[in-house]
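Student: Take a look at this one; I'll ask things after.
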Amino acid sequence: MNDKLHEECGVFGVFCTDSKKDAVPLVYYGLFSLQHRGQESAGIAALQNPDERKTEKPIECRKGVGLVGEVFSSDVLSQFTGFAAVGHVRYSTAGSKSPENVQPFVSHFKLGSVAVAHNGALINADVVRELLEDAGVGFSSSSDSEVIINLIAKNYKKGLEKALTDTIKFIKGSYALAVLTGDALVGARDPNGIRPLCMGKFDGGWILASESCAIDAVGGTFVRDIEPGEVVIIRKDDVLSFSFSEKTRKAVCAFEYVYFARPDSVIDSVDVYGSRIRAGEILSRESPVSADLVIGVPDSGVSAAIGFGRAAGIPFGLGIVKSKYVGRTFIAPSQIMREKAVSVKHNIIESEVLNKRIVIIDDSIVRGTTSRRLVSILKAAGAKEVHIRICSPPVRFPCYFGIDTPHRRDLISNVNGVNELCASLGADSLAFISVQGLLQSIDPSSSGGNPAYCLGCFTGEYPIPAAGEDLGK
C-alpha cells in the first residue's frame with residue numbers, strides 16, 4: 001500500500017569448502033544487507049554436515065513472516081547449522097502474503113533434497129503448475145517459486161546439471177536463483193538478466209547474492225556478476241559454469257539503478273551511486289529551473305539531488321527528514337491513511353526551506369500520494385516555490401517480472417499528462433528525466449538504439465511478451 005514500487009525479494013547463498021564450518025551466520029548477516037529488497041518475510045535453509053545430522057533430511061529450514069531480526073532470534077539461529085545455506089527476504093507480488101509462500105522452499109524426495117530461493121516472477125507459472133498437478137505433483141503454496149523447485153525435483157533423476165537445465169529451459173520470465181542441493185550451491189539467472197545476481201568469495205568459501213553490498217557486508221570479495229543465461233554450480237572442489245540459453249538481448253531492470261538497489265552496490269559493472277548522481281546531472285540539463293535549494297526525498301532521491309545541485313550550481317540541503325522506523329511495509333489500507341502516513345514518514349526542516357525556491361528530487365511517482373503531501377508540507381513550512389524533478393521517466397505500465405506495481409489505472413502518470421499531474425500535486429513545475437537520459441545515466445556510452453535494460457514500466461515494451469494486464473497481480 002506504500003506509494004512506491006517494490007522489488008519482490010533478495011537472495012543470498014554461502015558454500016563453505018570446509019564442511020565443519022557454519023554458513024548460517026553469514027547468510028543471516030547477508031540477508032540484513034538485503035532487507036531493503038523485501039520486508040515481509042525471511043528464511044534460511046541450511047545443508048547439514050553429514051556427521052552432525054539430527055534427522056535423515058540433509059536440509060533444514062527456518063523461516064517466518066517479519067523482518068530478518070524478527071524471524072531469526074539468537075535461539076532460532078542456535079537451532080540449526082550447515083556448511084552451505086541459502087536465504088531469502090521477500091516482498092510479495094505473485095502469490096499471497098500467507099506464511100505458506102515464505103521462502104526458501106525445500107523439497108525432500110527419494111533421490112535427495114533441494115532448497116530454492118527465487119527473486120523474480122514467472123510469466124508461465126500457471127501453465128507449468130497445471131502440467132505438474134496433472135502429473136500428480138502437489139503444491140503447498142500459491143507462489144510461482146514453488147513451480148521451480150517441483151520441476152527440479154521431478155527431473156532430479158537425470159542428474160543435477162540436466163535437472164537444472166531442463167527446469168530453466170521450461171520456465172519463462174525473470175529469475176535470479178540460489179539453489180541448495182545435497183552437495184552444491186547453484187546460482188542461475190534468466191536469459192535476459194532482468195534480475196541481478198552476483199558471486200563473491202571469502203576465506204573458506206563462495207557467496208551468491210542479489211547485490212554486491214551484501215558480499216561486502218560479510219567480509220567477502222566481489223568476484224563477478226552471474227551472466228544472463230548462466231548457471232554456476234559450486235561444490236567443495238570446483239566451480240562449474242555453463243550457459244543454458246541462446247544469446248538474447250540483455251535487459252536488466254532499469255529500476256534497480258533508479259531505486260531498488262542500495263547505492264553502495266555495483267550491478268553488471270555499473271556503480272549504482274554513480275548512476276544516480278549522473279541521473280541528477282542529466283535531469284538538471286534537461287529540465288533546468290531557477291531555485292535556491294535542492295533537496296532529495298530520502299533515501300533514494302538524495303544521490304540524484306546531489307548530482308542535480310552540482311550540475312545546476314544550486315546548493316544541496318537536507319530539507320526532509322525520514323523516520324528510520326517507518327519502513328516500506330508501513331500499513332496504510334486507505335487513501336486517507338496513505339496521505340497521513342507520509343506525515344509520519346517525512347518531516348520538514350523549516351529553517352532550511354523558509355522563504356526559498358525549492359527543487360525536490362525523487363526517484364519516481366507512482367500514485368502521487370507522497371509527492372502531493374511533500375509539496376503541501378514544504379509550502380506549509382514556508383517554501384516560496386516547490387519544483388519537482390523525477391529521475392525516472394513517467395511510470396505508465398505495470399511490471400510482470402517481479403516488481404509490485406499497481407494496476408495501470410492506479411498509475412497516476414498513465415491517466416494524467418505532465419501539466420495535469422503538476423497541477424494535481426500542487427507543484428510550481430514538474431519534469432521527468434527522459435528515457436534516453438535515464439539510459440545515459442546508467443551507461444554513459446549508451447546510444448539508446450538497443451538498450452541493455454528493461455524499460456517496460458516506462459515504455460510498455462517488454463523483453464519478454466507479457467500475457468495480460470492482470471498477470472502477477
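Ligands are numbered from 1 in the order shown, chains are lettered A, B, ... in the order of the C-alpha cells, and residues start at 1 in each chain.
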At a cut-off of 10 Å, using only C-alpha atoms, what residues contact A:Asn347? Leave out same-chain residues fewer than 3 positions from it and give the result as a PDB file with all heavy atoms, in the first residue's frame.

Tutor:
```
ATOM      1  N   GLY A 319      16.730  19.373   4.257  1.00  0.00           N
ATOM      2  CA  GLY A 319      15.348  19.733   3.973  1.00  0.00           C
ATOM      3  C   GLY A 319      14.296  18.785   4.511  1.00  0.00           C
ATOM      4  O   GLY A 319      13.344  19.200   5.165  1.00  0.00           O
ATOM      5  N   ILE A 320      14.423  17.482   4.182  1.00  0.00           N
ATOM      6  CA  ILE A 320      13.440  16.477   4.590  1.00  0.00           C
ATOM      7  C   ILE A 320      14.123  15.439   5.477  1.00  0.00           C
ATOM      8  O   ILE A 320      15.201  14.944   5.142  1.00  0.00           O
ATOM      9  CB  ILE A 320      12.826  15.773   3.367  1.00  0.00           C
ATOM     10  CG1 ILE A 320      12.152  16.787   2.444  1.00  0.00           C
ATOM     11  CG2 ILE A 320      11.833  14.702   3.796  1.00  0.00           C
ATOM     12  CD1 ILE A 320      11.672  16.172   1.145  1.00  0.00           C
ATOM     13  N   VAL A 321      13.483  15.118   6.580  1.00  0.00           N
ATOM     14  CA  VAL A 321      13.983  14.070   7.480  1.00  0.00           C
ATOM     15  C   VAL A 321      13.026  12.891   7.405  1.00  0.00           C
ATOM     16  O   VAL A 321      11.805  13.058   7.476  1.00  0.00           O
ATOM     17  CB  VAL A 321      14.094  14.576   8.939  1.00  0.00           C
ATOM     18  CG1 VAL A 321      14.515  13.436   9.861  1.00  0.00           C
ATOM     19  CG2 VAL A 321      15.089  15.722   9.013  1.00  0.00           C
ATOM     20  N   LYS A 322      13.578  11.703   7.255  1.00  0.00           N
ATOM     21  CA  LYS A 322      12.781  10.486   7.172  1.00  0.00           C
ATOM     22  C   LYS A 322      12.889   9.708   8.470  1.00  0.00           C
ATOM     23  O   LYS A 322      13.987   9.517   9.006  1.00  0.00           O
ATOM     24  CB  LYS A 322      13.277   9.618   6.012  1.00  0.00           C
ATOM     25  CG  LYS A 322      12.557   8.289   5.872  1.00  0.00           C
ATOM     26  CD  LYS A 322      13.180   7.486   4.733  1.00  0.00           C
ATOM     27  CE  LYS A 322      12.566   6.112   4.625  1.00  0.00           C
ATOM     28  NZ  LYS A 322      13.204   5.303   3.544  1.00  0.00           N
ATOM     29  N   SER A 323      11.761   9.255   8.983  1.00  0.00           N
ATOM     30  CA  SER A 323      11.781   8.409  10.176  1.00  0.00           C
ATOM     31  C   SER A 323      12.447   7.085   9.849  1.00  0.00           C
ATOM     32  O   SER A 323      12.099   6.421   8.874  1.00  0.00           O
ATOM     33  CB  SER A 323      10.354   8.149  10.677  1.00  0.00           C
ATOM     34  OG  SER A 323      10.376   7.171  11.695  1.00  0.00           O
ATOM     35  N   VAL A 342       2.398   9.694   5.104  1.00  0.00           N
ATOM     36  CA  VAL A 342       3.521  10.471   4.616  1.00  0.00           C
ATOM     37  C   VAL A 342       4.004  11.445   5.687  1.00  0.00           C
ATOM     38  O   VAL A 342       5.196  11.720   5.817  1.00  0.00           O
ATOM     39  CB  VAL A 342       3.134  11.220   3.323  1.00  0.00           C
ATOM     40  CG1 VAL A 342       4.292  12.063   2.820  1.00  0.00           C
ATOM     41  CG2 VAL A 342       2.712  10.229   2.260  1.00  0.00           C
ATOM     42  N   SER A 343       3.080  11.963   6.489  1.00  0.00           N
ATOM     43  CA  SER A 343       3.460  12.878   7.570  1.00  0.00           C
ATOM     44  C   SER A 343       4.266  12.158   8.638  1.00  0.00           C
ATOM     45  O   SER A 343       5.157  12.735   9.268  1.00  0.00           O
ATOM     46  CB  SER A 343       2.203  13.485   8.209  1.00  0.00           C
ATOM     47  OG  SER A 343       1.436  14.175   7.254  1.00  0.00           O
ATOM     48  N   VAL A 344       3.954  10.883   8.848  1.00  0.00           N
ATOM     49  CA  VAL A 344       4.703  10.089   9.824  1.00  0.00           C
ATOM     50  C   VAL A 344       6.093   9.783   9.286  1.00  0.00           C
ATOM     51  O   VAL A 344       7.085   9.810  10.018  1.00  0.00           O
ATOM     52  CB  VAL A 344       3.947   8.781  10.140  1.00  0.00           C
ATOM     53  CG1 VAL A 344       4.755   7.914  11.091  1.00  0.00           C
ATOM     54  CG2 VAL A 344       2.579   9.085  10.725  1.00  0.00           C
ATOM     55  N   GLU A 350      12.167  23.273   8.802  1.00  0.00           N
ATOM     56  CA  GLU A 350      11.604  24.553   8.387  1.00  0.00           C
ATOM     57  C   GLU A 350      12.673  25.604   8.142  1.00  0.00           C
ATOM     58  O   GLU A 350      12.601  26.375   7.177  1.00  0.00           O
ATOM     59  CB  GLU A 350      10.612  25.048   9.443  1.00  0.00           C
ATOM     60  CG  GLU A 350       9.878  26.313   9.056  1.00  0.00           C
ATOM     61  CD  GLU A 350       8.792  26.686  10.054  1.00  0.00           C
ATOM     62  OE1 GLU A 350       8.183  25.761  10.632  1.00  0.00           O
ATOM     63  OE2 GLU A 350       8.557  27.896  10.238  1.00  0.00           O
ATOM     64  N   LEU A 374       4.289  16.001   0.135  1.00  0.00           N
ATOM     65  CA  LEU A 374       5.547  16.713   0.348  1.00  0.00           C
ATOM     66  C   LEU A 374       5.458  18.159  -0.142  1.00  0.00           C
ATOM     67  O   LEU A 374       5.973  19.074   0.505  1.00  0.00           O
ATOM     68  CB  LEU A 374       6.691  15.975  -0.360  1.00  0.00           C
ATOM     69  CG  LEU A 374       7.142  14.674   0.292  1.00  0.00           C
ATOM     70  CD1 LEU A 374       8.191  13.977  -0.563  1.00  0.00           C
ATOM     71  CD2 LEU A 374       7.692  14.918   1.696  1.00  0.00           C
ATOM     72  N   ILE A 377       3.463  20.041   2.610  1.00  0.00           N
ATOM     73  CA  ILE A 377       4.151  20.347   3.877  1.00  0.00           C
ATOM     74  C   ILE A 377       5.358  21.251   3.663  1.00  0.00           C
ATOM     75  O   ILE A 377       5.746  21.996   4.560  1.00  0.00           O
ATOM     76  CB  ILE A 377       4.535  19.059   4.659  1.00  0.00           C
ATOM     77  CG1 ILE A 377       5.470  18.161   3.842  1.00  0.00           C
ATOM     78  CG2 ILE A 377       3.277  18.304   5.072  1.00  0.00           C
ATOM     79  CD1 ILE A 377       5.896  16.884   4.604  1.00  0.00           C
ATOM     80  N   LEU A 378       5.951  21.214   2.465  1.00  0.00           N
ATOM     81  CA  LEU A 378       7.029  22.160   2.165  1.00  0.00           C
ATOM     82  C   LEU A 378       6.493  23.585   2.107  1.00  0.00           C
ATOM     83  O   LEU A 378       7.093  24.523   2.655  1.00  0.00           O
ATOM     84  CB  LEU A 378       7.703  21.796   0.841  1.00  0.00           C
ATOM     85  CG  LEU A 378       8.762  20.707   0.893  1.00  0.00           C
ATOM     86  CD1 LEU A 378       9.090  20.202  -0.503  1.00  0.00           C
ATOM     87  CD2 LEU A 378      10.031  21.218   1.585  1.00  0.00           C
ATOM     88  N   ALA A 381       5.668  24.876   5.429  1.00  0.00           N
ATOM     89  CA  ALA A 381       6.866  25.236   6.191  1.00  0.00           C
ATOM     90  C   ALA A 381       7.498  26.527   5.704  1.00  0.00           C
ATOM     91  O   ALA A 381       8.530  26.961   6.236  1.00  0.00           O
ATOM     92  CB  ALA A 381       7.889  24.103   6.113  1.00  0.00           C
TER      93      ALA A 381
END
```

Student: Of the candidates A:Glu52, A:Asp22, A:Glu60, A:Asp190, which one gets nearest to A:Pro463 if we count only C-alpha atoms?

Tutor: A:Asp190

Student: Find, counting only C-alpha atoms, the residue in A:Asp238, A:Asp126, A:Asp216, A:Asp292 that gets nearest to A:Lys172.

Tutor: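 The closest residue to A:Lys172 is A:Asp126.
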
Student: Show me, as a ChimeraX atom specification, the residues that have an atom within 6 Å of A:Ile152 when counting only C-alpha atoms, minus same-chain residues fewer than 4 positions from it.

Tutor: /A:156,163,167

Student: Select from stretch 311-467 of chain A everything DSSP, run on the backbone, classes as strand (DSSP E), then give the selection as an NGL selection string.

Tutor: :A and (320-322 or 346-348 or 357-362 or 385-390 or 403-404 or 429-432 or 453-454)

Student: Which residue gives the smallest distance to A:Gly205 among A:Ala279, A:Cys253, A:Ile234, A:Ala46, with only C-alpha atoms counted?

Tutor: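 With only C-alpha atoms as the atom set, the closest residue is A:Ile234.
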
Student: Point out the residue among A:Pro393, A:Pro465, A:Gly296, A:Gly229 with the least atom-to-atom distance to A:Leu439, counting only C-alpha atoms.

Tutor: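 Nearest candidate to A:Leu439 out of A:Pro393, A:Pro465, A:Gly296, A:Gly229: A:Pro393.
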
Student: For A:Asp428, which residue out of A:Val386, A:Leu411, A:Gly460, A:Ile360 is the nearest one, using only C-alpha atoms?

Tutor: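 Among A:Val386, A:Leu411, A:Gly460, A:Ile360, it is A:Val386 that comes nearest to A:Asp428.
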
Student: Find the residues around stretch 267-277 of chain A up to 9 Å (only C-alpha atoms counted), leave out those fewer than 6 positions away in its own chain, and share them as a tab-separated table (two decimals) with N, CA and C atoms, in the first residue's frame.

Tutor:
```
chain	number	residue	atom	x	y	z
A	196	PRO	N	19.12	-9.10	-10.85
A	196	PRO	CA	20.57	-9.18	-10.64
A	196	PRO	C	20.98	-10.37	-9.78
A	197	LEU	N	22.19	-10.85	-10.02
A	197	LEU	CA	22.79	-11.91	-9.21
A	197	LEU	C	24.30	-11.84	-9.41
A	198	CYS	N	25.04	-11.91	-8.32
A	198	CYS	CA	26.49	-11.85	-8.41
A	198	CYS	C	27.14	-12.88	-7.51
A	210	SER	N	22.06	-11.17	-4.38
A	210	SER	CA	21.35	-10.28	-5.29
A	210	SER	C	22.11	-8.99	-5.54
A	211	GLU	N	22.88	-8.54	-4.53
A	211	GLU	CA	23.64	-7.30	-4.67
A	211	GLU	C	25.02	-7.45	-4.06
A	212	SER	N	25.98	-6.72	-4.62
A	212	SER	CA	27.36	-6.80	-4.15
A	212	SER	C	27.52	-6.24	-2.74
A	224	ARG	N	32.39	-11.46	-9.56
A	224	ARG	CA	31.79	-11.04	-10.83
A	224	ARG	C	30.28	-11.20	-10.77
A	225	ASP	N	29.59	-10.64	-11.75
A	225	ASP	CA	28.16	-10.86	-11.91
A	225	ASP	C	27.94	-12.20	-12.59
A	226	ILE	N	26.87	-12.90	-12.20
A	226	ILE	CA	26.42	-14.05	-12.96
A	226	ILE	C	25.83	-13.51	-14.25
A	227	GLU	N	26.24	-14.06	-15.38
A	227	GLU	CA	25.79	-13.55	-16.66
A	227	GLU	C	24.36	-13.99	-16.96
A	252	VAL	N	18.46	-5.79	-18.16
A	252	VAL	CA	18.45	-5.61	-16.71
A	252	VAL	C	17.39	-4.58	-16.33
A	256	GLU	N	16.43	-1.07	-10.89
A	256	GLU	CA	17.49	-1.43	-9.94
A	256	GLU	C	18.39	-0.22	-9.68
A	257	TYR	N	18.68	0.52	-10.73
A	257	TYR	CA	19.57	1.68	-10.63
A	257	TYR	C	18.85	2.91	-10.11
A	258	VAL	N	17.57	3.02	-10.44
A	258	VAL	CA	16.79	4.18	-10.02
A	258	VAL	C	16.47	4.12	-8.52
A	259	TYR	N	16.10	2.91	-8.04
A	259	TYR	CA	15.52	2.86	-6.69
A	259	TYR	C	15.83	1.60	-5.88
A	261	ALA	N	18.14	-0.99	-5.73
A	261	ALA	CA	19.44	-1.37	-5.19
A	261	ALA	C	19.97	-0.35	-4.19
A	300	SER	N	16.39	7.29	-1.61
A	300	SER	CA	16.85	7.07	-2.97
A	300	SER	C	16.91	8.34	-3.82
A	301	GLY	N	16.25	9.43	-3.39
A	301	GLY	CA	16.32	10.67	-4.15
A	301	GLY	C	17.52	11.54	-3.82
A	302	VAL	N	18.24	11.20	-2.75
A	302	VAL	CA	19.31	12.07	-2.26
A	302	VAL	C	20.50	12.10	-3.23
A	303	SER	N	20.92	10.94	-3.74
A	303	SER	CA	22.07	10.90	-4.65
A	303	SER	C	21.80	11.73	-5.89
A	304	ALA	N	20.62	11.58	-6.47
A	304	ALA	CA	20.28	12.35	-7.67
A	304	ALA	C	20.20	13.84	-7.35
A	305	ALA	N	19.73	14.19	-6.14
A	305	ALA	CA	19.67	15.60	-5.74
A	305	ALA	C	21.07	16.21	-5.65
A	306	ILE	N	22.02	15.43	-5.17
A	306	ILE	CA	23.41	15.91	-5.12
A	306	ILE	C	23.90	16.19	-6.54
A	307	GLY	N	23.62	15.26	-7.46
A	307	GLY	CA	24.04	15.46	-8.84
A	307	GLY	C	23.35	16.66	-9.49
A	308	PHE	N	22.06	16.82	-9.23
A	308	PHE	CA	21.31	17.95	-9.79
A	308	PHE	C	21.92	19.27	-9.29
A	391	CYS	N	13.83	11.48	-11.30
A	391	CYS	CA	14.97	10.90	-12.02
A	391	CYS	C	14.65	9.54	-12.65
A	438	LEU	N	17.81	8.61	-18.88
A	438	LEU	CA	17.97	7.53	-17.92
A	438	LEU	C	19.00	6.52	-18.41
A	440	GLN	N	21.49	7.01	-20.41
A	440	GLN	CA	22.82	7.61	-20.33
A	440	GLN	C	23.32	7.68	-18.89
A	441	SER	N	22.39	7.84	-17.94
A	441	SER	CA	22.81	7.87	-16.53
A	441	SER	C	23.34	6.52	-16.09
A	442	ILE	N	22.75	5.44	-16.61
A	442	ILE	CA	23.22	4.09	-16.26
A	442	ILE	C	24.47	3.75	-17.05
A	443	ASP	N	24.42	4.03	-18.34
A	443	ASP	CA	25.55	3.72	-19.23
A	443	ASP	C	25.85	4.96	-20.08
A	444	PRO	N	26.85	5.75	-19.68
A	444	PRO	CA	27.14	6.99	-20.40
A	444	PRO	C	27.45	6.79	-21.88
```

Student: Looking at A:Ser364, A:Gln103, A:Ser376, A:Gln39, which one is nearest to A:Val11, with distances taken over only C-alpha atoms?

Tutor: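 Result for the nearest residue to A:Val11: A:Gln103.
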
Student: Apply DSSP to the structure's backbone, then extract all residues of stretch 11-100 of chain A labelled alpha helix (DSSP H) and return them as a list of chain:residue names.

Tutor: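 The alpha helix (DSSP H) residues within stretch 11-100 of chain A come out as A:Val24, A:Pro25, A:Leu26, A:Val27, A:Tyr28, A:Tyr29, A:Gly30, A:Leu31, A:Phe32, A:Ser33, A:Val68, A:Gly69, A:Glu70, A:Val71, A:Ser74, A:Asp75, A:Val76, A:Leu77.
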
Student: Might you pull out every residue within 7 Å of stretch 113-119 of chain A, with only C-alpha atoms counted and same-chain residues fewer than 2 positions away left off, and present them as a ChimeraX atom specification?

Tutor: /A:8-11,45,58-59,86-88,103-109,145,149,175-182

Student: Using Å and a single decimal, report how far atom CA of A:Pro191 sits from atom CA of A:Tyr91.

Tutor: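 Interatomic distance, atom CA of A:Tyr91 to atom CA of A:Pro191: 23.1 Å.
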
Student: Please, what distance in Å, to one decimal, runs between atom CA of A:Lys384 and atom CA of A:Glu352?

Tutor: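 Spanning atom CA of A:Lys384 to atom CA of A:Glu352 is a straight-line distance of 12.1 Å.
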